[in-house]
$ cat final38.csv   # CSV, C-alpha atoms and all ligand atoms
chain,number,residue,atom,x,y,z
A,1331,MET,CA,0.0,0.0,0.0
A,1332,SER,CA,1.5,3.3,-1.0
A,1333,VAL,CA,-0.5,5.4,1.5
A,1334,ASN,CA,-1.5,4.7,5.0
A,1335,THR,CA,-5.1,5.8,4.7
A,1336,GLU,CA,-5.9,5.1,8.4
A,1337,ALA,CA,-3.0,7.4,9.5
A,1338,TYR,CA,-4.3,10.0,7.0
A,1339,GLN,CA,-7.8,10.0,8.3
A,1340,SER,CA,-6.7,10.2,11.9
A,1341,ILE,CA,-4.2,13.0,11.2
A,1342,MET,CA,-6.9,14.9,9.3
A,1343,GLY,CA,-9.2,14.6,12.3
A,1344,GLU,CA,-6.7,16.1,14.6
A,1345,LEU,CA,-5.9,18.9,12.2
A,1346,THR,CA,-9.5,19.8,11.7
A,1347,ALA,CA,-9.8,20.3,15.4
A,1348,HIS,CA,-6.9,22.8,15.2
A,1349,ASP,CA,-8.0,24.4,12.0
A,1350,ALA,CA,-4.7,23.4,10.5
A,1351,THR,CA,-3.7,22.3,7.0
A,1352,LEU,CA,-1.8,19.1,6.1
A,1353,VAL,CA,1.0,19.4,3.6
A,1354,ALA,CA,1.6,15.7,2.6
A,1355,VAL,CA,5.3,15.5,2.0
A,1356,SER,CA,5.8,13.2,-1.0
A,1357,LYS,CA,9.5,13.7,-1.7
A,1358,LEU,CA,11.2,10.6,-3.0
A,1359,LYS,CA,7.8,8.9,-3.4
A,1360,PRO,CA,6.4,7.9,-6.8
A,1361,PRO,CA,3.5,9.8,-8.5
A,1362,GLU,CA,1.2,6.8,-7.7
A,1363,ALA,CA,1.5,7.6,-3.9
A,1364,ILE,CA,0.4,11.1,-4.6
A,1365,GLU,CA,-2.5,9.9,-6.8
A,1366,ALA,CA,-3.7,7.6,-4.0
A,1367,LEU,CA,-4.0,10.5,-1.6
A,1368,TYR,CA,-5.4,12.8,-4.3
A,1369,ALA,CA,-8.2,10.2,-4.9
A,1370,LEU,CA,-9.2,10.7,-1.2
A,1371,GLY,CA,-9.6,14.4,-1.9
A,1372,HIS,CA,-6.2,15.7,-0.8
A,1373,ARG,CA,-4.7,18.6,-2.7
A,1374,ASP,CA,-1.7,20.0,-0.7
A,1375,PHE,CA,1.6,18.2,-1.4
A,1376,GLY,CA,5.1,19.2,-0.4
A,1377,GLU,CA,8.4,18.5,-2.2
A,1378,ASN,CA,12.0,19.2,-1.4
A,1379,TYR,CA,13.8,18.9,-4.8
A,1380,VAL,CA,13.2,21.2,-7.7
A,1381,GLN,CA,13.7,18.7,-10.5
A,1382,GLU,CA,11.6,16.0,-8.9
A,1383,LEU,CA,8.8,18.6,-8.3
A,1384,VAL,CA,8.9,19.8,-11.9
A,1385,ASP,CA,8.7,16.2,-13.1
A,1386,LYS,CA,5.8,15.3,-10.9
A,1387,GLN,CA,3.9,18.5,-11.6
A,1388,SER,CA,4.0,17.8,-15.3
A,1389,LYS,CA,2.4,14.3,-14.8
A,1390,LEU,CA,-0.1,15.0,-12.1
A,1391,PRO,CA,-3.4,16.9,-11.9
A,1392,ALA,CA,-3.3,20.6,-12.3
A,1393,GLU,CA,-5.5,21.0,-9.2
A,1394,ILE,CA,-2.7,20.0,-6.9
A,1395,ARG,CA,-1.3,22.8,-4.7
A,1396,TRP,CA,2.5,22.3,-4.7
A,1397,HIS,CA,4.4,23.4,-1.7
A,1398,PHE,CA,8.2,23.7,-2.0
A,1399,ILE,CA,9.5,22.9,1.5
A,1400,GLY,CA,13.2,22.3,0.7
A,1401,HIS,CA,16.2,24.5,0.5
A,1402,LEU,CA,15.8,26.6,-2.6
A,1403,GLN,CA,18.8,27.8,-4.7
A,1404,ARG,CA,18.3,31.1,-6.4
A,1405,ASN,CA,19.1,29.8,-9.9
A,1406,LYS,CA,16.2,27.3,-9.6
A,1407,VAL,CA,13.4,29.7,-8.7
A,1408,LYS,CA,12.5,30.1,-12.3
A,1409,TYR,CA,11.5,26.5,-12.7
A,1410,LEU,CA,9.0,26.8,-9.9
A,1411,ALA,CA,7.6,30.3,-10.5
A,1412,PRO,CA,5.0,29.3,-13.1
A,1413,PHE,CA,3.1,27.0,-10.8
A,1414,VAL,CA,4.3,26.8,-7.2
A,1415,TYR,CA,1.6,27.4,-4.6
A,1416,LEU,CA,3.7,28.2,-1.5
A,1417,ILE,CA,7.4,28.4,-0.9
A,1418,HIS,CA,8.1,27.5,2.8
A,1419,GLY,CA,11.9,27.8,3.1
A,1420,VAL,CA,12.8,31.4,2.2
A,1421,ASP,CA,16.0,32.0,4.2
A,1422,SER,CA,17.6,35.1,2.7
A,1423,GLU,CA,16.6,38.5,1.4
A,1424,LYS,CA,18.3,37.7,-1.9
A,1425,LEU,CA,16.2,34.6,-2.4
A,1426,LEU,CA,13.1,36.7,-1.6
A,1427,GLN,CA,14.1,39.2,-4.3
A,1428,GLU,CA,14.7,36.5,-6.9
A,1429,ILE,CA,11.3,34.9,-6.2
A,1430,ASP,CA,9.8,38.4,-6.7
A,1431,ARG,CA,11.7,38.8,-10.0
A,1432,GLN,CA,10.6,35.5,-11.4
A,1433,ALA,CA,7.0,35.9,-10.2
A,1434,VAL,CA,6.7,39.3,-11.9
A,1435,LYS,CA,8.1,37.7,-15.1
A,1436,VAL,CA,5.3,35.1,-15.2
A,1437,GLY,CA,2.6,37.5,-14.0
A,1438,ARG,CA,2.1,35.9,-10.7
A,1439,VAL,CA,2.2,36.8,-7.0
A,1440,ILE,CA,3.9,34.0,-5.1
A,1441,ASP,CA,3.0,33.2,-1.5
A,1442,VAL,CA,6.1,32.7,0.7
A,1443,LEU,CA,7.0,31.8,4.3
A,1444,LEU,CA,10.3,32.9,5.9
A,1445,GLN,CA,12.2,30.0,7.4
A,1446,VAL,CA,13.5,30.6,10.9
A,1447,HIS,CA,16.3,28.7,12.5
A,1448,ILE,CA,14.9,27.4,15.8
A,1449,ALA,CA,16.8,24.1,16.2
A,1450,THR,CA,20.0,23.5,18.1
A,1451,GLU,CA,21.6,21.7,15.2
A,1452,GLU,CA,24.0,23.8,13.1
A,1453,SER,CA,23.0,22.4,9.8
A,1454,LYS,CA,19.5,23.7,9.4
A,1455,PHE,CA,18.8,26.7,7.3
A,1456,GLY,CA,16.9,29.8,8.2
A,1457,PHE,CA,17.0,33.3,9.6
A,1458,ASP,CA,17.9,33.8,13.2
A,1459,ALA,CA,15.8,36.2,15.3
A,1460,GLY,CA,18.2,39.1,14.6
A,1461,GLU,CA,18.2,38.6,10.9
A,1462,LEU,CA,14.4,38.2,10.8
A,1463,ALA,CA,14.1,41.5,12.7
A,1464,ALA,CA,16.4,43.3,10.3
A,1465,LEU,CA,14.2,42.2,7.4
A,1466,LEU,CA,10.7,42.5,8.9
A,1467,GLU,CA,11.2,45.7,10.9
A,1468,THR,CA,11.8,47.4,7.6
A,1469,PRO,CA,8.5,46.6,6.0
A,1470,GLU,CA,9.3,48.7,2.9
A,1471,LYS,CA,11.7,45.9,2.0
A,1472,ILE,CA,8.8,43.5,1.7
A,1473,GLU,CA,6.2,45.9,0.5
A,1474,GLY,CA,8.3,46.9,-2.5
A,1475,LEU,CA,8.2,43.4,-3.8
A,1476,ALA,CA,5.1,43.2,-5.9
A,1477,GLY,CA,5.6,39.6,-6.9
A,1478,ILE,CA,5.6,38.1,-3.4
A,1479,ARG,CA,3.0,37.9,-0.6
A,1480,LEU,CA,4.5,37.2,2.8
A,1481,ARG,CA,2.2,34.6,4.4
A,1482,GLY,CA,4.1,33.8,7.6
A,1483,LEU,CA,6.9,31.7,9.1
A,1484,MET,CA,8.2,28.1,8.9
A,1485,GLY,CA,10.6,26.2,11.1
A,1486,MET,CA,12.0,22.8,12.0
A,1487,ALA,CA,12.6,21.8,15.6
A,1488,SER,CA,15.6,19.8,16.7
A,1489,PHE,CA,15.5,16.1,16.0
A,1490,SER,CA,15.4,15.2,19.6
A,1491,GLU,CA,13.7,12.9,22.0
A,1492,ASP,CA,13.5,15.8,24.4
A,1493,SER,CA,10.0,17.0,23.9
A,1494,SER,CA,10.4,20.0,26.2
A,1495,LEU,CA,13.2,21.2,24.0
A,1496,VAL,CA,11.1,20.7,20.9
A,1497,ARG,CA,8.2,22.5,22.6
A,1498,GLN,CA,10.4,25.4,23.6
A,1499,GLU,CA,11.6,25.8,20.0
A,1500,PHE,CA,8.0,25.8,18.6
A,1501,GLN,CA,7.1,28.4,21.3
A,1502,THR,CA,9.9,30.6,20.1
A,1503,LEU,CA,8.7,30.4,16.5
A,1504,ARG,CA,5.1,31.1,17.6
A,1505,GLY,CA,6.3,34.1,19.5
A,1506,LEU,CA,8.0,35.6,16.4
A,1507,PHE,CA,4.9,34.8,14.3
A,1508,VAL,CA,2.7,36.7,16.8
A,1509,ARG,CA,5.1,39.6,16.9
A,1510,TYR,CA,5.2,40.2,13.2
A,1511,LYS,CA,1.6,39.2,12.3
A,1512,THR,CA,0.2,42.7,12.8
A,1513,ALA,CA,2.7,44.3,10.5
A,1514,PHE,CA,1.8,42.3,7.4
A,1515,PRO,CA,-1.8,42.0,6.1
A,1516,HIS,CA,-1.4,38.5,4.7
A,1517,PHE,CA,0.6,37.0,7.6
A,1518,ASP,CA,-1.5,34.0,8.6
A,1519,LEU,CA,0.5,30.8,8.2
A,1520,LEU,CA,2.7,29.1,10.8
A,1521,SER,CA,4.2,26.0,9.2
A,1522,MET,CA,5.7,23.8,11.9
A,1523,GLY,CA,5.5,20.1,12.8
A,1524,MET,CA,6.5,16.9,11.0
A,1525,SER,CA,5.8,13.2,11.5
A,1526,GLY,CA,7.7,13.0,14.8
A,1527,ASP,CA,6.5,16.3,16.4
A,1528,TYR,CA,3.3,17.5,14.8
A,1529,GLY,CA,1.3,17.0,18.0
A,1530,ILE,CA,3.5,19.3,20.0
A,1531,ALA,CA,3.5,21.8,17.1
A,1532,LEU,CA,-0.3,21.8,17.0
A,1533,SER,CA,-0.5,22.4,20.7
A,1534,GLU,CA,1.9,25.3,20.3
A,1535,GLY,CA,-0.2,27.0,17.7
A,1536,SER,CA,0.9,25.6,14.3
A,1537,ASN,CA,-1.7,25.9,11.6
A,1538,MET,CA,0.2,24.0,8.9
A,1539,VAL,CA,2.0,20.7,9.4
A,1540,ARG,CA,4.3,19.0,6.9
A,1541,ILE,CA,4.0,15.2,7.2
A,1542,GLY,CA,5.7,12.6,5.1
A,1543,SER,CA,6.7,9.3,6.6
A,1544,LEU,CA,3.5,8.7,8.7
A,1545,LEU,CA,1.5,8.9,5.4
A,1546,PHE,CA,3.8,7.3,2.8
A,1547,GLY,CA,6.2,5.2,5.0
A,1548,ARG,CA,9.9,5.6,5.4
A,1549,ARG,CA,12.0,7.1,2.7
A,1550,SER,CA,14.9,5.1,1.4
A,1601,LIG,C1,11.0,15.7,4.7
A,1601,LIG,C2,10.5,16.9,5.4
A,1601,LIG,C3,9.3,16.9,6.1
A,1601,LIG,C4,8.5,15.6,6.4
A,1601,LIG,O1,9.3,14.8,7.3
A,1601,LIG,P1,8.6,13.5,7.9
A,1601,LIG,O2,9.4,13.3,9.1
A,1601,LIG,O3,8.7,12.4,6.9
A,1601,LIG,O4,7.2,13.8,8.3
A,1601,LIG,C5,8.8,18.0,6.7
A,1601,LIG,N1,9.4,19.2,6.5
A,1601,LIG,C6,10.6,19.3,5.8
A,1601,LIG,C7,11.2,20.6,5.6
A,1601,LIG,C8,11.1,18.2,5.2
A,1601,LIG,O5,12.3,18.3,4.6

$ encode --input "final38.csv" --output "structure tokens"
Amino acid sequence: MSVNTEAYQSIMGELTAHDATLVAVSKLKPPEAIEALYALGHRDFGENYVQELVDKQSKLPAEIRWHFIGHLQRNKVKYLAPFVYLIHGVDSEKLLQEIDRQAVKVGRVIDVLLQVHIATEESKFGFDAGELAALLETPEKIEGLAGIRLRGLMGMASFSEDSSLVRQEFQTLRGLFVRYKTAFPHFDLLSMGMSGDYGIALSEGSNMVRIGSLLFGRRS
């Protein structure tokens, strides 16, 4: 079975109670896995790799809302600009400017989330609180970009068994979300929570979770 439909139904039940959206993370899974969930009415899918996403998008129904959740290189934005629904991992002002440029070129306004580094691990991408402040406390920097709509923040907690650490990191992100929400008219999405920690994320105010392995099984 390519999709765990029981897990899907149970996650959807929890999310409905929190008014949260499920992004089904289908990276490294075949188009058939996506089709199986699509057949149940699901429309939001997340991918991490540009080439893989472009291939899948060309084969699968146009109604799918494609979320790009990986690390995006500036020279690849142009491949996503014509169709991407939401870019979660924007981690520099230069990337934001490139998304704006490519969006304007194709006559779109692209929804984006800024990625914030909340985990203890060094390797994760994202703005730290100071860099985020430098960008968001100068709203003109964002308002001048006609091709992007800033929808909120995204973050990944530490891969840790220590749930109080994970909780603390989600609280930090939620605090930043609340702080900047009032300054931007479309700021309404807080993308946090994955297979291992989405319950904590929901209880800390997430309204968008990104779940892969619980739905599609482990990735090889
Ligand atoms: C792969 C990935 C996920 C999904 O991870 P699971 O643990 O399989 O649920 C969520 N968010 C990001 C950014 C990812 O890269």

$ residues_around --input "final38.csv" --residues "segment 1466-1480 of chain A" --least-positions-apart "2" --cutoff "9 Å" --atoms "only C-alpha atoms" --output "PyMOL selection string"
chain A and resi 1423+1426-1427+1429-1435+1437-1444+1461-1464+1482-1483+1510+1513-1518

$ closest_residue --input "final38.csv" --among "A:Leu1545, A:Val1414, A:Val1353, A:Ala1363" --to "Met1522 of chain A" --atoms "only C-alpha atoms"
A:Val1353

$ atom_distance --input "final38.csv" --atom1 "atom CA of Leu1495 of chain A" --atom2 "atom CA of Gly1542 of chain A"
22.1 Å

$ residues_around --input "final38.csv" --residues "Val1407 of chain A" --least-positions-apart "4" --cutoff "9 Å" --atoms "all atoms listed in the file" --output "list in words"
Val1380, Leu1402, Gln1403, Ala1411, Leu1425, Glu1428, Ile1429 and Gln1432 of chain A

$ closest_atom_pairs --input "final38.csv" --of "chain A" --to "ligand LIG 1601 (chain A)" --cutoff "6 Å" --atoms "all atoms listed in the file" --output "JSON lines"
{"residue": "A:Val1355", "atom": "CA", "partner": "A:LIG1601", "partner_atom": "C4", "distance": 5.4}
{"residue": "A:Ile1399", "atom": "CA", "partner": "A:LIG1601", "partner_atom": "C7", "distance": 5.0}
{"residue": "A:Gly1400", "atom": "CA", "partner": "A:LIG1601", "partner_atom": "C7", "distance": 5.6}
{"residue": "A:Met1524", "atom": "CA", "partner": "A:LIG1601", "partner_atom": "O4", "distance": 4.2}
{"residue": "A:Ser1525", "atom": "CA", "partner": "A:LIG1601", "partner_atom": "O4", "distance": 3.5}
{"residue": "A:Gly1526", "atom": "CA", "partner": "A:LIG1601", "partner_atom": "O2", "distance": 6.0}
{"residue": "A:Arg1540", "atom": "CA", "partner": "A:LIG1601", "partner_atom": "C5", "distance": 4.6}
{"residue": "A:Ile1541", "atom": "CA", "partner": "A:LIG1601", "partner_atom": "O4", "distance": 3.7}
{"residue": "A:Gly1542", "atom": "CA", "partner": "A:LIG1601", "partner_atom": "O3", "distance": 3.5}
{"residue": "A:Ser1543", "atom": "CA", "partner": "A:LIG1601", "partner_atom": "O3", "distance": 3.7}

$ residues_around --input "final38.csv" --residues "Lys1357 of chain A" --least-positions-apart "3" --cutoff "10 Å" --atoms "only C-alpha atoms" --output "list in words"
Ala1354, Pro1360, Pro1361, Ile1364, Phe1375, Gly1376, Glu1377, Asn1378, Tyr1379, Glu1382, Leu1383, Ile1399, Gly1400, Gly1542, Ser1543, Phe1546 and Arg1549 of chain A

$ build_atoms --input "final38.csv" --residues "segment 1479-1490 of chain A" --atoms "all heavy atoms" --output "short mmCIF file (atom, residue, chain, number, x, y, z; two decimals), in the frame of the given file"
data_model
loop_
_atom_site.label_atom_id
_atom_site.label_comp_id
_atom_site.auth_asym_id
_atom_site.auth_seq_id
_atom_site.Cartn_x
_atom_site.Cartn_y
_atom_site.Cartn_z
N ARG A 1479 3.92 37.59 -1.73
CA ARG A 1479 3.00 37.90 -0.60
C ARG A 1479 3.52 37.10 0.58
O ARG A 1479 3.60 35.87 0.55
CB ARG A 1479 1.60 37.40 -1.01
CG ARG A 1479 0.50 37.81 -0.03
CD ARG A 1479 -0.87 37.73 -0.69
NE ARG A 1479 -0.98 36.55 -1.52
CZ ARG A 1479 -1.70 36.48 -2.65
NH1 ARG A 1479 -2.39 37.49 -3.07
NH2 ARG A 1479 -1.72 35.35 -3.35
N LEU A 1480 3.89 37.84 1.61
CA LEU A 1480 4.50 37.20 2.80
C LEU A 1480 3.35 36.64 3.67
O LEU A 1480 2.55 37.37 4.23
CB LEU A 1480 5.28 38.24 3.59
CG LEU A 1480 5.99 37.69 4.82
CD1 LEU A 1480 6.94 36.57 4.45
CD2 LEU A 1480 6.72 38.80 5.55
N ARG A 1481 3.30 35.31 3.75
CA ARG A 1481 2.20 34.60 4.40
C ARG A 1481 2.49 34.19 5.85
O ARG A 1481 1.59 33.77 6.57
CB ARG A 1481 1.74 33.42 3.60
CG ARG A 1481 1.12 33.77 2.24
CD ARG A 1481 -0.20 34.51 2.37
NE ARG A 1481 -1.18 33.77 3.15
CZ ARG A 1481 -1.99 32.84 2.69
NH1 ARG A 1481 -1.98 32.55 1.41
NH2 ARG A 1481 -2.84 32.22 3.48
N GLY A 1482 3.79 34.19 6.23
CA GLY A 1482 4.10 33.80 7.60
C GLY A 1482 5.46 33.15 7.75
O GLY A 1482 6.37 33.49 7.00
N LEU A 1483 5.58 32.24 8.72
CA LEU A 1483 6.90 31.70 9.10
C LEU A 1483 6.86 30.15 9.05
O LEU A 1483 5.81 29.52 9.23
CB LEU A 1483 7.28 32.12 10.50
CG LEU A 1483 7.37 33.63 10.76
CD1 LEU A 1483 7.74 33.88 12.23
CD2 LEU A 1483 8.39 34.31 9.83
N MET A 1484 8.03 29.57 8.86
CA MET A 1484 8.20 28.10 8.90
C MET A 1484 9.45 27.79 9.71
O MET A 1484 10.40 28.57 9.73
CB MET A 1484 8.40 27.63 7.44
CG MET A 1484 8.67 26.15 7.28
SD MET A 1484 10.41 25.71 7.35
CE MET A 1484 10.44 24.38 6.16
N GLY A 1485 9.40 26.66 10.40
CA GLY A 1485 10.60 26.20 11.10
C GLY A 1485 10.61 24.76 11.39
O GLY A 1485 9.57 24.08 11.34
N MET A 1486 11.81 24.24 11.65
CA MET A 1486 12.00 22.80 12.00
C MET A 1486 12.64 22.76 13.37
O MET A 1486 13.69 23.38 13.60
CB MET A 1486 12.90 22.14 10.99
CG MET A 1486 12.29 21.97 9.62
SD MET A 1486 13.53 21.50 8.40
CE MET A 1486 13.60 19.74 8.69
N ALA A 1487 12.03 21.98 14.25
CA ALA A 1487 12.60 21.80 15.60
C ALA A 1487 13.76 20.84 15.55
O ALA A 1487 13.96 20.13 14.56
CB ALA A 1487 11.52 21.31 16.55
N SER A 1488 14.52 20.77 16.62
CA SER A 1488 15.60 19.80 16.70
C SER A 1488 15.07 18.39 16.57
O SER A 1488 13.96 18.10 17.01
CB SER A 1488 16.29 19.91 18.10
OG SER A 1488 16.83 21.19 18.27
N PHE A 1489 15.88 17.51 15.98
CA PHE A 1489 15.50 16.10 16.00
C PHE A 1489 15.94 15.55 17.33
O PHE A 1489 17.09 15.19 17.56
CB PHE A 1489 16.32 15.33 14.88
CG PHE A 1489 15.78 15.59 13.51
CD1 PHE A 1489 16.49 16.38 12.61
CD2 PHE A 1489 14.57 15.04 13.11
CE1 PHE A 1489 15.99 16.63 11.33
CE2 PHE A 1489 14.07 15.28 11.83
CZ PHE A 1489 14.79 16.07 10.95
N SER A 1490 15.01 15.52 18.27
CA SER A 1490 15.40 15.20 19.60
C SER A 1490 14.26 14.47 20.33
O SER A 1490 13.08 14.68 20.04
CB SER A 1490 15.69 16.52 20.38
OG SER A 1490 15.81 16.29 21.76
#
